[in-house]
file input27.cif (mmCIF, C-alpha atoms)
data_target
#
loop_
_atom_site.label_atom_id
_atom_site.label_comp_id
_atom_site.auth_asym_id
_atom_site.auth_seq_id
_atom_site.Cartn_x
_atom_site.Cartn_y
_atom_site.Cartn_z
CA MET A 348 168.27 120.83 23.52
CA ILE A 349 170.84 118.21 24.52
CA ASN A 350 169.80 115.88 27.33
CA PRO A 351 172.70 115.83 29.84
CA SER A 352 171.80 112.28 30.92
CA LEU A 353 172.57 110.90 27.47
CA GLU A 354 175.99 109.34 26.92
CA GLU A 355 178.34 108.55 24.08
CA ILE A 356 178.98 104.86 24.66
CA GLY A 357 181.53 102.48 23.16
CA ILE A 358 180.72 98.82 22.67
CA VAL A 359 183.54 96.42 21.84
CA GLY A 360 182.10 93.37 20.13
CA ALA A 361 179.36 93.21 17.48
CA GLY A 362 178.10 89.69 17.95
CA GLY A 363 174.43 89.12 18.62
CA TRP A 364 174.56 90.35 22.22
CA GLY A 365 176.73 93.38 21.52
CA THR A 366 174.43 94.39 18.68
CA ALA A 367 171.29 93.88 20.78
CA LEU A 368 172.70 96.07 23.56
CA SER A 369 173.58 98.70 20.96
CA LEU A 370 169.95 98.73 19.80
CA LEU A 371 168.68 99.03 23.36
CA LEU A 372 170.99 101.93 24.23
CA ALA A 373 170.39 103.73 20.94
CA GLY A 374 166.67 103.31 21.55
CA LYS A 375 167.13 105.33 24.74
CA GLY A 376 168.80 108.13 22.79
CA HIS A 377 172.45 107.34 23.52
CA ARG A 378 175.06 107.56 20.75
CA VAL A 379 176.82 104.21 20.35
CA ASP A 380 180.12 103.48 18.64
CA LEU A 381 180.21 99.74 17.93
CA TRP A 382 183.51 97.97 17.26
CA VAL A 383 183.20 95.24 14.63
CA PHE A 384 186.04 92.71 14.37
CA GLU A 385 185.29 91.51 10.84
CA GLU A 386 186.16 94.12 8.20
CA ASP A 387 183.62 92.87 5.64
CA LEU A 388 180.86 92.74 8.24
CA CYS A 389 181.67 96.27 9.39
CA ALA A 390 181.35 97.58 5.83
CA THR A 391 178.03 95.76 5.41
CA MET A 392 176.68 97.15 8.69
CA GLN A 393 177.69 100.68 7.71
CA GLN A 394 176.06 100.41 4.29
CA ASP A 395 173.00 98.25 4.93
CA ARG A 396 172.35 99.26 8.57
CA GLU A 397 171.93 95.66 9.71
CA ASN A 398 174.07 92.91 11.25
CA PRO A 399 173.20 90.05 8.86
CA LEU A 400 175.69 87.62 10.38
CA TYR A 401 174.86 87.74 14.08
CA LEU A 402 171.51 89.53 14.47
CA PRO A 403 169.67 89.65 11.13
CA GLY A 404 166.36 91.39 10.70
CA PHE A 405 166.97 94.41 12.94
CA ARG A 406 167.71 97.81 11.42
CA LEU A 407 170.50 99.80 13.05
CA PRO A 408 169.37 103.37 13.75
CA GLU A 409 171.63 106.30 12.94
CA GLY A 410 172.63 106.51 16.59
CA ILE A 411 174.74 103.34 16.13
CA ARG A 412 178.04 103.85 14.32
CA PRO A 413 179.78 100.58 13.38
CA SER A 414 183.56 100.96 13.23
CA LYS A 415 186.66 98.85 12.63
CA SER A 416 188.76 101.29 14.69
CA LEU A 417 189.21 100.58 18.39
CA GLN A 418 190.44 104.13 18.87
CA GLU A 419 187.21 105.57 17.45
CA VAL A 420 185.11 103.33 19.67
CA VAL A 421 187.08 103.71 22.92
CA ALA A 422 188.68 107.17 23.01
CA GLY A 423 186.82 109.86 24.94
CA LYS A 424 184.08 107.55 26.21
CA LYS A 425 182.78 107.61 29.78
CA VAL A 426 181.12 104.20 29.38
CA LEU A 427 182.58 101.18 27.56
CA LEU A 428 180.96 97.76 27.18
CA LEU A 429 183.08 94.68 26.57
CA VAL A 430 181.20 91.96 24.67
CA VAL A 431 183.96 89.72 23.29
CA PRO A 432 184.66 85.99 23.83
CA THR A 433 186.74 85.21 26.92
CA HIS A 434 189.65 83.67 25.02
CA VAL A 435 190.34 86.92 23.12
CA LEU A 436 189.65 89.30 26.01
CA ARG A 437 193.25 89.84 27.14
CA ASN A 438 194.45 90.67 23.65
CA THR A 439 191.50 93.00 23.15
CA LEU A 440 192.19 94.80 26.43
CA ASN A 441 195.86 95.18 25.54
CA ALA A 442 194.87 96.72 22.22
CA LEU A 443 192.34 99.21 23.59
CA LYS A 444 193.74 100.32 26.96
CA ARG A 445 195.96 103.03 25.47
CA PHE A 446 192.81 104.77 24.20
CA LEU A 447 190.84 104.36 27.45
CA ASP A 448 190.08 107.32 29.71
CA PRO A 449 191.09 106.49 33.31
CA ASP A 450 187.64 107.33 34.69
CA CYS A 451 185.70 105.44 32.00
CA LEU A 452 183.22 102.94 33.45
CA VAL A 453 183.97 99.53 31.93
CA ILE A 454 181.03 97.10 31.84
CA ASN A 455 181.58 93.44 31.08
CA ALA A 456 178.64 91.85 29.25
CA SER A 457 180.38 88.58 28.31
CA LYS A 458 180.34 85.22 30.11
CA GLY A 459 183.25 82.87 30.56
CA ILE A 460 186.23 81.68 32.62
CA GLU A 461 189.74 81.86 31.22
CA ASN A 462 191.14 78.36 30.64
CA GLU A 463 194.78 79.22 31.35
CA THR A 464 194.25 81.07 34.66
CA LEU A 465 190.77 79.93 35.77
CA LEU A 466 189.89 83.61 36.32
CA PRO A 467 186.40 85.03 35.73
CA ILE A 468 186.24 87.99 33.38
CA HIS A 469 186.17 90.78 35.98
CA LYS A 470 189.45 89.47 37.41
CA ILE A 471 191.04 89.45 33.94
CA ILE A 472 189.93 93.04 33.43
CA GLN A 473 191.29 94.10 36.81
CA GLU A 474 194.68 92.62 35.92
CA SER A 475 194.77 94.73 32.75
CA ILE A 476 193.22 98.09 33.69
CA SER A 477 192.25 99.99 36.85
CA ASN A 478 189.02 101.58 35.64
CA PRO A 479 185.69 101.50 37.50
CA LEU A 480 184.13 98.13 36.69
CA ALA A 481 180.69 96.54 36.50
CA VAL A 482 179.10 93.39 35.11
CA LEU A 483 175.81 92.91 33.25
CA SER A 484 174.42 89.36 33.30
CA GLY A 485 171.19 87.42 33.38
CA PRO A 486 168.59 85.39 31.44
CA THR A 487 168.54 87.27 28.15
CA PHE A 488 168.63 86.05 24.58
CA ALA A 489 169.93 88.75 22.23
CA LYS A 490 167.08 88.30 19.73
CA GLU A 491 164.40 88.81 22.37
CA ILE A 492 166.10 91.94 23.74
CA ALA A 493 166.23 93.31 20.18
CA GLN A 494 162.52 92.47 19.78
CA GLY A 495 161.72 94.39 22.95
CA LYS A 496 160.26 91.40 24.79
CA PRO A 497 159.91 91.86 28.58
CA SER A 498 163.12 90.70 30.29
CA ALA A 499 165.15 91.12 33.48
CA ILE A 500 168.88 91.31 34.11
CA VAL A 501 171.30 92.14 36.93
CA ALA A 502 173.99 94.84 37.12
CA ALA A 503 176.78 94.03 39.56
CA ALA A 504 179.62 96.14 40.91
CA SER A 505 181.66 96.24 44.09
CA GLN A 506 180.08 99.62 44.89
CA GLN A 507 176.29 99.91 44.99
CA GLU A 508 176.34 103.37 43.37
CA THR A 509 178.22 101.96 40.37
CA ALA A 510 175.67 99.15 40.02
CA GLU A 511 172.89 101.74 40.18
CA ARG A 512 174.55 103.79 37.44
CA VAL A 513 174.49 100.73 35.17
CA GLN A 514 170.91 100.04 36.23
CA SER A 515 169.88 103.54 35.16
CA LEU A 516 171.77 103.22 31.87
CA PHE A 517 170.02 100.02 30.75
CA ASN A 518 166.64 100.09 32.49
CA THR A 519 163.66 100.47 30.12
CA GLU A 520 159.95 99.71 30.12
CA LYS A 521 160.79 96.30 28.65
CA LEU A 522 164.09 95.51 30.47
CA LYS A 523 164.08 95.56 34.26
CA VAL A 524 167.58 95.88 35.72
CA PHE A 525 168.28 94.75 39.29
CA THR A 526 171.50 95.39 41.22
CA SER A 527 174.06 93.33 43.12
CA THR A 528 177.42 93.89 44.80
CA ASP A 529 178.50 90.25 44.31
CA LEU A 530 180.68 90.49 41.18
CA MET A 531 182.09 87.00 41.65
CA GLY A 532 178.71 85.33 42.08
CA VAL A 533 177.06 87.13 39.17
CA GLU A 534 179.90 86.26 36.78
CA LEU A 535 180.30 82.64 37.87
CA GLY A 536 176.56 82.00 37.64
CA GLY A 537 176.48 83.37 34.11
CA SER A 538 179.53 81.38 33.06
CA LEU A 539 179.03 77.98 34.68
CA LYS A 540 175.38 77.66 33.66
CA ASN A 541 176.61 77.17 30.08
CA VAL A 542 178.20 73.88 31.12
CA ILE A 543 174.95 72.67 32.69
CA ALA A 544 173.08 73.77 29.55
CA ILE A 545 175.28 71.47 27.47
CA ALA A 546 174.55 68.64 29.93
CA THR A 547 170.81 69.31 29.69
CA GLY A 548 171.02 69.35 25.91
CA ILE A 549 172.80 65.99 25.93
CA SER A 550 170.01 64.59 28.10
CA ASP A 551 167.35 65.94 25.75
CA GLY A 552 169.26 64.61 22.75
CA LEU A 553 169.23 61.16 24.33
CA GLY A 554 165.46 61.47 24.83
CA LEU A 555 165.67 60.97 28.59
CA GLY A 556 162.62 63.03 29.49
CA LEU A 557 161.60 65.94 31.68
CA ASN A 558 162.41 64.31 35.03
CA THR A 559 166.02 63.97 33.93
CA ARG A 560 166.14 67.54 32.65
CA ALA A 561 164.84 68.89 35.97
CA ALA A 562 167.33 66.78 37.94
CA ILE A 563 170.28 68.01 35.85
CA ILE A 564 169.24 71.66 36.18
CA ASN A 565 168.77 71.41 39.93
CA ARG A 566 171.84 69.33 40.76
CA GLY A 567 173.84 71.36 38.26
CA LEU A 568 172.90 74.48 40.20
CA VAL A 569 174.25 72.87 43.38
CA GLU A 570 177.56 72.20 41.60
CA ILE A 571 177.69 75.82 40.42
CA ILE A 572 177.08 77.07 43.96
CA ARG A 573 179.78 74.75 45.36
CA ILE A 574 182.35 76.26 43.02
CA GLY A 575 181.02 79.79 43.44
CA THR A 576 180.96 79.88 47.23
CA THR A 577 184.42 78.30 47.37
CA MET A 578 185.65 81.21 45.24
CA GLY A 579 184.05 83.80 47.53
CA ALA A 580 180.60 84.30 46.02
CA ARG A 581 177.50 84.62 48.17
CA PRO A 582 175.17 81.58 47.98
CA GLU A 583 172.01 83.68 47.60
CA THR A 584 173.33 85.24 44.38
CA PHE A 585 172.80 81.92 42.61
CA MET A 586 169.08 82.05 43.44
CA GLY A 587 168.86 85.25 41.38
CA LEU A 588 168.81 86.28 37.75
CA SER A 589 172.41 85.38 36.91
CA GLY A 590 172.09 82.03 38.69
CA MET A 591 168.79 80.17 38.58
CA GLY A 592 167.30 82.63 36.10
CA ASP A 593 170.02 82.29 33.47
CA LEU A 594 170.34 78.57 34.13
CA VAL A 595 166.68 77.84 33.42
CA LEU A 596 166.66 79.96 30.28
CA THR A 597 169.84 78.47 28.83
CA CYS A 598 168.91 74.88 29.69
CA THR A 599 165.43 75.04 28.18
CA GLY A 600 165.39 77.76 25.51
CA ASP A 601 165.55 76.85 21.84
CA LEU A 602 167.75 79.92 21.17
CA SER A 603 170.46 78.59 23.51
CA ARG A 604 173.67 77.78 21.62
CA ASN A 605 175.03 75.74 24.52
CA ARG A 606 171.89 73.62 24.82
CA THR A 607 172.02 73.11 21.03
CA VAL A 608 175.60 71.80 21.27
CA GLY A 609 174.52 69.31 23.93
CA LEU A 610 171.41 68.30 22.01
CA LYS A 611 173.47 67.41 18.94
CA LEU A 612 176.07 65.55 21.02
CA GLY A 613 173.25 63.51 22.55
CA GLN A 614 171.96 62.77 19.05
CA GLY A 615 175.34 61.32 18.09
CA LEU A 616 177.10 64.17 16.24
CA LYS A 617 180.77 64.90 16.88
CA LEU A 618 181.85 68.21 18.40
CA ALA A 619 183.86 69.20 15.31
CA GLU A 620 180.77 68.74 13.11
CA ILE A 621 178.66 70.83 15.47
CA THR A 622 181.04 73.77 15.81
CA ALA A 623 181.74 73.86 12.08
CA SER A 624 178.09 74.76 11.47
CA MET A 625 177.89 77.50 14.14
CA LYS A 626 178.25 81.22 13.41
CA MET A 627 178.68 82.27 17.05
CA VAL A 628 180.68 80.88 19.94
CA ALA A 629 179.03 78.49 22.40
CA GLU A 630 181.08 79.67 25.38
CA GLY A 631 180.31 76.51 27.36
CA ILE A 632 182.59 74.45 25.11
CA ARG A 633 185.58 76.31 26.56
CA THR A 634 184.09 76.93 29.99
CA VAL A 635 183.60 73.21 30.62
CA THR A 636 187.39 72.81 30.75
CA SER A 637 187.71 75.65 33.27
CA ALA A 638 184.83 74.25 35.35
CA TYR A 639 186.42 70.80 35.38
CA GLN A 640 189.76 72.26 36.46
CA LEU A 641 188.13 74.36 39.18
CA LYS A 642 186.27 71.43 40.69
CA ASN A 643 189.54 69.45 40.74
CA LYS A 644 191.51 72.40 42.14
CA PHE A 645 189.11 72.78 45.06
CA ASP A 646 188.40 69.02 45.38
CA LEU A 647 184.65 69.49 44.99
CA GLN A 648 182.01 66.93 44.12
CA ALA A 649 180.63 67.99 40.72
CA SER A 650 179.69 64.89 38.77
CA ILE A 651 177.61 66.63 36.10
CA ILE A 652 180.49 68.97 35.28
CA GLU A 653 182.89 65.99 35.33
CA GLU A 654 180.85 63.91 32.89
CA THR A 655 180.05 66.87 30.62
CA TYR A 656 183.77 67.57 30.35
CA GLN A 657 184.43 63.91 29.51
CA VAL A 658 181.83 63.99 26.71
CA VAL A 659 182.74 67.39 25.26
CA GLN A 660 186.51 67.36 25.55
CA GLN A 661 187.46 63.69 25.84
CA GLY A 662 184.97 62.07 23.48
CA LYS A 663 183.22 59.90 26.06
CA SER A 664 179.96 58.35 24.96
CA PRO A 665 176.89 60.21 26.34
CA HIS A 666 175.45 56.81 27.31
CA GLN A 667 178.57 55.99 29.32
CA ALA A 668 178.45 59.41 30.97
CA LEU A 669 174.81 58.82 31.94
CA GLN A 670 175.71 55.47 33.51
CA ALA A 671 178.53 57.11 35.47
CA LEU A 672 176.14 59.77 36.79
CA MET A 673 173.61 57.18 37.89
CA ASN A 674 176.35 55.37 39.84
CA VAL A 675 177.32 58.47 41.86
CA GLU A 676 176.87 58.05 45.60
CA THR A 677 174.28 60.49 46.93
CA THR A 678 174.84 62.82 49.89
CA SER A 679 172.91 65.41 51.86
CA GLU A 680 171.36 67.77 49.32
CA PHE A 681 173.49 70.86 50.01
CA THR A 682 176.77 69.27 51.02
CA GLY A 683 179.77 71.33 49.90
CA ILE A 684 178.06 74.72 49.70
CA LYS A 685 179.85 77.24 51.89
CA GLY A 686 177.40 79.25 53.95
CA LEU A 687 174.77 76.49 53.90
CA GLU A 688 176.71 73.68 55.57
#
call {"tool": "encode", "arguments": {"input": "input27.cif", "output": "C-alpha cells"}}
result
Amino acid sequence: MINPSLEEIGIVGAGGWGTALSLLLAGKGHRVDLWVFEEDLCATMQQDRENPLYLPGFRLPEGIRPSKSLQEVVAGKKVLLLVVPTHVLRNTLNALKRFLDPDCLVINASKGIENETLLPIHKIIQESISNPLAVLSGPTFAKEIAQGKPSAIVAAASQQETAERVQSLFNTEKLKVFTSTDLMGVELGGSLKNVIAIATGISDGLGLGLNTRAAIINRGLVEIIRIGTTMGARPETFMGLSGMGDLVLTCTGDLSRNRTVGLKLGQGLKLAEITASMKMVAEGIRTVTSAYQLKNKFDLQASIIEETYQVVQQGKSPHQALQALMNVETTSEFTGIKGLE
C-alpha cells in the first residue's frame, strides 16, 4: 500500500550536502531524483551506487536515482531542493524553471551571498521564480548527517505552515528540525559564519590559542548580527541554530572547509595552493567579498570581516591583519545591532 505522505522529491546538486540530504530523505521512504552536474560522476553513481567524489563510503539506496537531466529531476515534483554553489545559482534556475510546476515547494539548502548583487539566496530565487519557498540551514556536516549522528537544523519560510511542512519532511529520530519565519536571518547567519570560520582558522594556523579563537567567534557573531539586522533580520535569530549554532560548528570542526582554508592561510600557504587541492567549494572564499561590500555599503564596524577580506582577497599578511585587529578602538559590546541599541 502506498503511503500518501511520501513524496517524489527532486534535488539539484550532488555535492556532499545534496547527497547526504538524498540519503536522509530516501531513508524515510521518499523517492529522490538527484541531479548530478558531472557526467562521469553521474555514470559512476548510477553504476556503483556511491558518490566517491563528494561523499565516499555511503551506499545509495534504490530510492535515489542520480540523473544528468534537469528535466527528469525537476518535472512533476511537488518538492525541489536546491543545493548548488551561489555563483551558479542563477544559471541553474534559468535552466530548470521551464520544467518547474508552479506549486512546487522550492527549498534552498545552500549558503552564500551573490557577489554581484549582494543578495542572499532566497532573494535570488524570488527574482527568478514565484514558487513557494523555504530555507534549510544549521550546524550540520554532510558526513555526520549521512552517518545518522544526532543533529539539529532549522527550516525557515515566510509562512509558518510552510516551515512546518519542511520540518515534517526532514525530521527524523536523529535530525531534529526547528522552524523560523525569519528567512533573511537564517540565510545570513548560515552564509556569513563562513567568513568568521576562515578568520578562526587563520588564528588557529598562527597558533594564537583558545582565548583568541573564542574572541573571534564572539566578536564575529556581533559583526554578523550588525549586517543581518541592518538588512531586516531579527537579532534573536542569530542566537539560534543558523547563527551561533552553525558558527560554533564551522569555526571549530575539523570537517569545516572554511576553517581549513583559514588554517592553511595562517600556516603560510597561498590561496591558490589551497583551493587547487580542494574537491568542494569553500563558500566563504566568495562570501568574504560580499560581506566586505555589505559592511561598507551600510557603513558598519566589522573589523574581523575587513581583515579576513584583506588576507583572503588582497594577500595581506595574517600577522599584519592580527596587528590591525588589535589596534581597533573598542566600543560598547553591542553597538551597531538594530533592536539591541
call {"tool": "resolve_selection", "arguments": {"input": "input27.cif", "expression": "the PyMOL selection byres ((chain A and resi 471-479) around 10)", "output": "PyMOL selection string"}}
result
chain A and resi 426+429+433+436-438+440-441+444-445+447-455+460-461+464-470+480-481+504-506+509
call {"tool": "closest_residue", "arguments": {"input": "input27.cif", "among": "A:Val421, A:Leu372, A:Ile684, A:Val482", "to": "Leu516 (chain A)", "atoms": "all atoms listed in the file"}}
result
A:Leu372
call {"tool": "residues_around", "arguments": {"input": "input27.cif", "residues": "Phe488 (chain A)", "least_positions_apart": "5", "cutoff": "8 Å", "atoms": "all atoms listed in the file", "output": "PyMOL selection string"}}
result
chain A and resi 364+602-603
call {"tool": "resolve_selection", "arguments": {"input": "input27.cif", "expression": "the PyMOL selection byres ((chain A and resi 576-584) around 9)", "output": "compact mmCIF listing (two decimals) with C-alpha atoms, in the frame of the given file"}}
result
# COMPACT_ATOMS: atom_id res chain seq x y z
CA SER A 527 174.06 93.33 43.12
CA ASP A 529 178.50 90.25 44.31
CA LEU A 530 180.68 90.49 41.18
CA MET A 531 182.09 87.00 41.65
CA GLY A 532 178.71 85.33 42.08
CA VAL A 533 177.06 87.13 39.17
CA LEU A 535 180.30 82.64 37.87
CA GLY A 536 176.56 82.00 37.64
CA ILE A 571 177.69 75.82 40.42
CA ILE A 572 177.08 77.07 43.96
CA ARG A 573 179.78 74.75 45.36
CA ILE A 574 182.35 76.26 43.02
CA GLY A 575 181.02 79.79 43.44
CA PHE A 585 172.80 81.92 42.61
CA MET A 586 169.08 82.05 43.44
CA GLY A 587 168.86 85.25 41.38
CA LEU A 588 168.81 86.28 37.75
CA SER A 589 172.41 85.38 36.91
CA GLY A 590 172.09 82.03 38.69
CA MET A 591 168.79 80.17 38.58
CA PHE A 645 189.11 72.78 45.06
CA GLY A 683 179.77 71.33 49.90
CA ILE A 684 178.06 74.72 49.70
CA LYS A 685 179.85 77.24 51.89
CA GLY A 686 177.40 79.25 53.95
CA LEU A 687 174.77 76.49 53.90
call {"tool": "closest_residue", "arguments": {"input": "input27.cif", "among": "A:Ala367, A:Ala562, A:Val359, A:Leu443", "to": "Ala422 (chain A)", "atoms": "all atoms listed in the file"}}
result
A:Leu443
call {"tool": "atom_distance", "arguments": {"input": "input27.cif", "atom1": "CA of Glu511 (chain A)", "atom2": "CA of Ile356 (chain A)"}}
result
17.0 Å
call {"tool": "residues_around", "arguments": {"input": "input27.cif", "residues": "Thr526 (chain A)", "least_positions_apart": "5", "cutoff": "6 Å", "atoms": "only C-alpha atoms", "output": "MDAnalysis selection string"}}
result
chainID A and resid 501:503 510
call {"tool": "residues_around", "arguments": {"input": "input27.cif", "residues": "Gly376 (chain A)", "least_positions_apart": "3", "cutoff": "10 Å", "atoms": "only C-alpha atoms", "output": "list of chain:residue names"}}
result
A:Asn350, A:Ser352, A:Leu353, A:Glu354, A:Glu355, A:Leu370, A:Leu371, A:Leu372, A:Ala373, A:Val379, A:Gly410
call {"tool": "resolve_selection", "arguments": {"input": "input27.cif", "expression": "the PyMOL selection byres ((chain A and resi 650-652) around 8)", "output": "list in words"}}
result
Val542, Ile543, Ala546, Ile563, Arg566, Gly567, Glu570, Val635, Ala638, Tyr639, Gln648, Ala649, Glu653, Glu654, Thr655, Tyr656, Leu672 and Val675 of chain A
call {"tool": "closest_residue", "arguments": {"input": "input27.cif", "among": "A:Pro665, A:Gly631, A:Pro403, A:Gly485", "to": "Asp551 (chain A)", "atoms": "all atoms listed in the file"}}
result
A:Pro665
call {"tool": "residues_around", "arguments": {"input": "input27.cif", "residues": "Val383 (chain A)", "least_positions_apart": "2", "cutoff": "8 Å", "atoms": "all atoms listed in the file", "output": "list in words"}}
result
Val359, Gly360, Ala361, Leu381, Glu385, Glu386, Leu388, Cys389, Pro413, Ser414 and Lys415 of chain A
call {"tool": "write_last_selection", "arguments": {"input": "input27.cif", "atoms": "C-alpha atoms", "output": "PDB file, in the coordinates of the input"}}
result
ATOM      1  CA  VAL A 359     183.540  96.420  21.840  1.00  0.00           C
ATOM      2  CA  GLY A 360     182.100  93.370  20.130  1.00  0.00           C
ATOM      3  CA  ALA A 361     179.360  93.210  17.480  1.00  0.00           C
ATOM      4  CA  LEU A 381     180.210  99.740  17.930  1.00  0.00           C
ATOM      5  CA  GLU A 385     185.290  91.510  10.840  1.00  0.00           C
ATOM      6  CA  GLU A 386     186.160  94.120   8.200  1.00  0.00           C
ATOM      7  CA  LEU A 388     180.860  92.740   8.240  1.00  0.00           C
ATOM      8  CA  CYS A 389     181.670  96.270   9.390  1.00  0.00           C
ATOM      9  CA  PRO A 413     179.780 100.580  13.380  1.00  0.00           C
ATOM     10  CA  SER A 414     183.560 100.960  13.230  1.00  0.00           C
ATOM     11  CA  LYS A 415     186.660  98.850  12.630  1.00  0.00           C
TER      12      LYS A 415
END
call {"tool": "residues_around", "arguments": {"input": "input27.cif", "residues": "Ile549 (chain A)", "least_positions_apart": "4", "cutoff": "7 Å", "atoms": "only C-alpha atoms", "output": "list in words"}}
result
Ile545, Leu553, Gly609, Leu610, Leu612 and Gly613 of chain A
call {"tool": "atom_distance", "arguments": {"input": "input27.cif", "atom1": "CA of Leu669 (chain A)", "atom2": "CA of Asp593 (chain A)"}}
result
24.0 Å
call {"tool": "atom_distance", "arguments": {"input": "input27.cif", "atom1": "CA of Ala544 (chain A)", "atom2": "CA of Ile564 (chain A)"}}
result
7.9 Å
call {"tool": "residues_near_point", "arguments": {"input": "input27.cif", "point": "(179.1, 77.3, 29.6)", "cutoff": "6 Å", "atoms": "all atoms listed in the file", "output": "PDB file with C-alpha atoms, in the coordinates of the input"}}
result
ATOM      1  CA  SER A 538     179.530  81.380  33.060  1.00  0.00           C
ATOM      2  CA  LEU A 539     179.030  77.980  34.680  1.00  0.00           C
ATOM      3  CA  LYS A 540     175.380  77.660  33.660  1.00  0.00           C
ATOM      4  CA  ASN A 541     176.610  77.170  30.080  1.00  0.00           C
ATOM      5  CA  VAL A 542     178.200  73.880  31.120  1.00  0.00           C
ATOM      6  CA  GLU A 630     181.080  79.670  25.380  1.00  0.00           C
ATOM      7  CA  GLY A 631     180.310  76.510  27.360  1.00  0.00           C
ATOM      8  CA  THR A 634     184.090  76.930  29.990  1.00  0.00           C
TER       9      THR A 634
END
call {"tool": "closest_residue", "arguments": {"input": "input27.cif", "among": "A:Leu368, A:Ala456, A:Leu400, A:Val513", "to": "Glu491 (chain A)", "atoms": "only C-alpha atoms"}}
result
A:Leu368
call {"tool": "closest_residue", "arguments": {"input": "input27.cif", "among": "A:Gly357, A:Pro486, A:Gly592, A:Pro399", "to": "Arg412 (chain A)", "atoms": "only C-alpha atoms"}}
result
A:Gly357
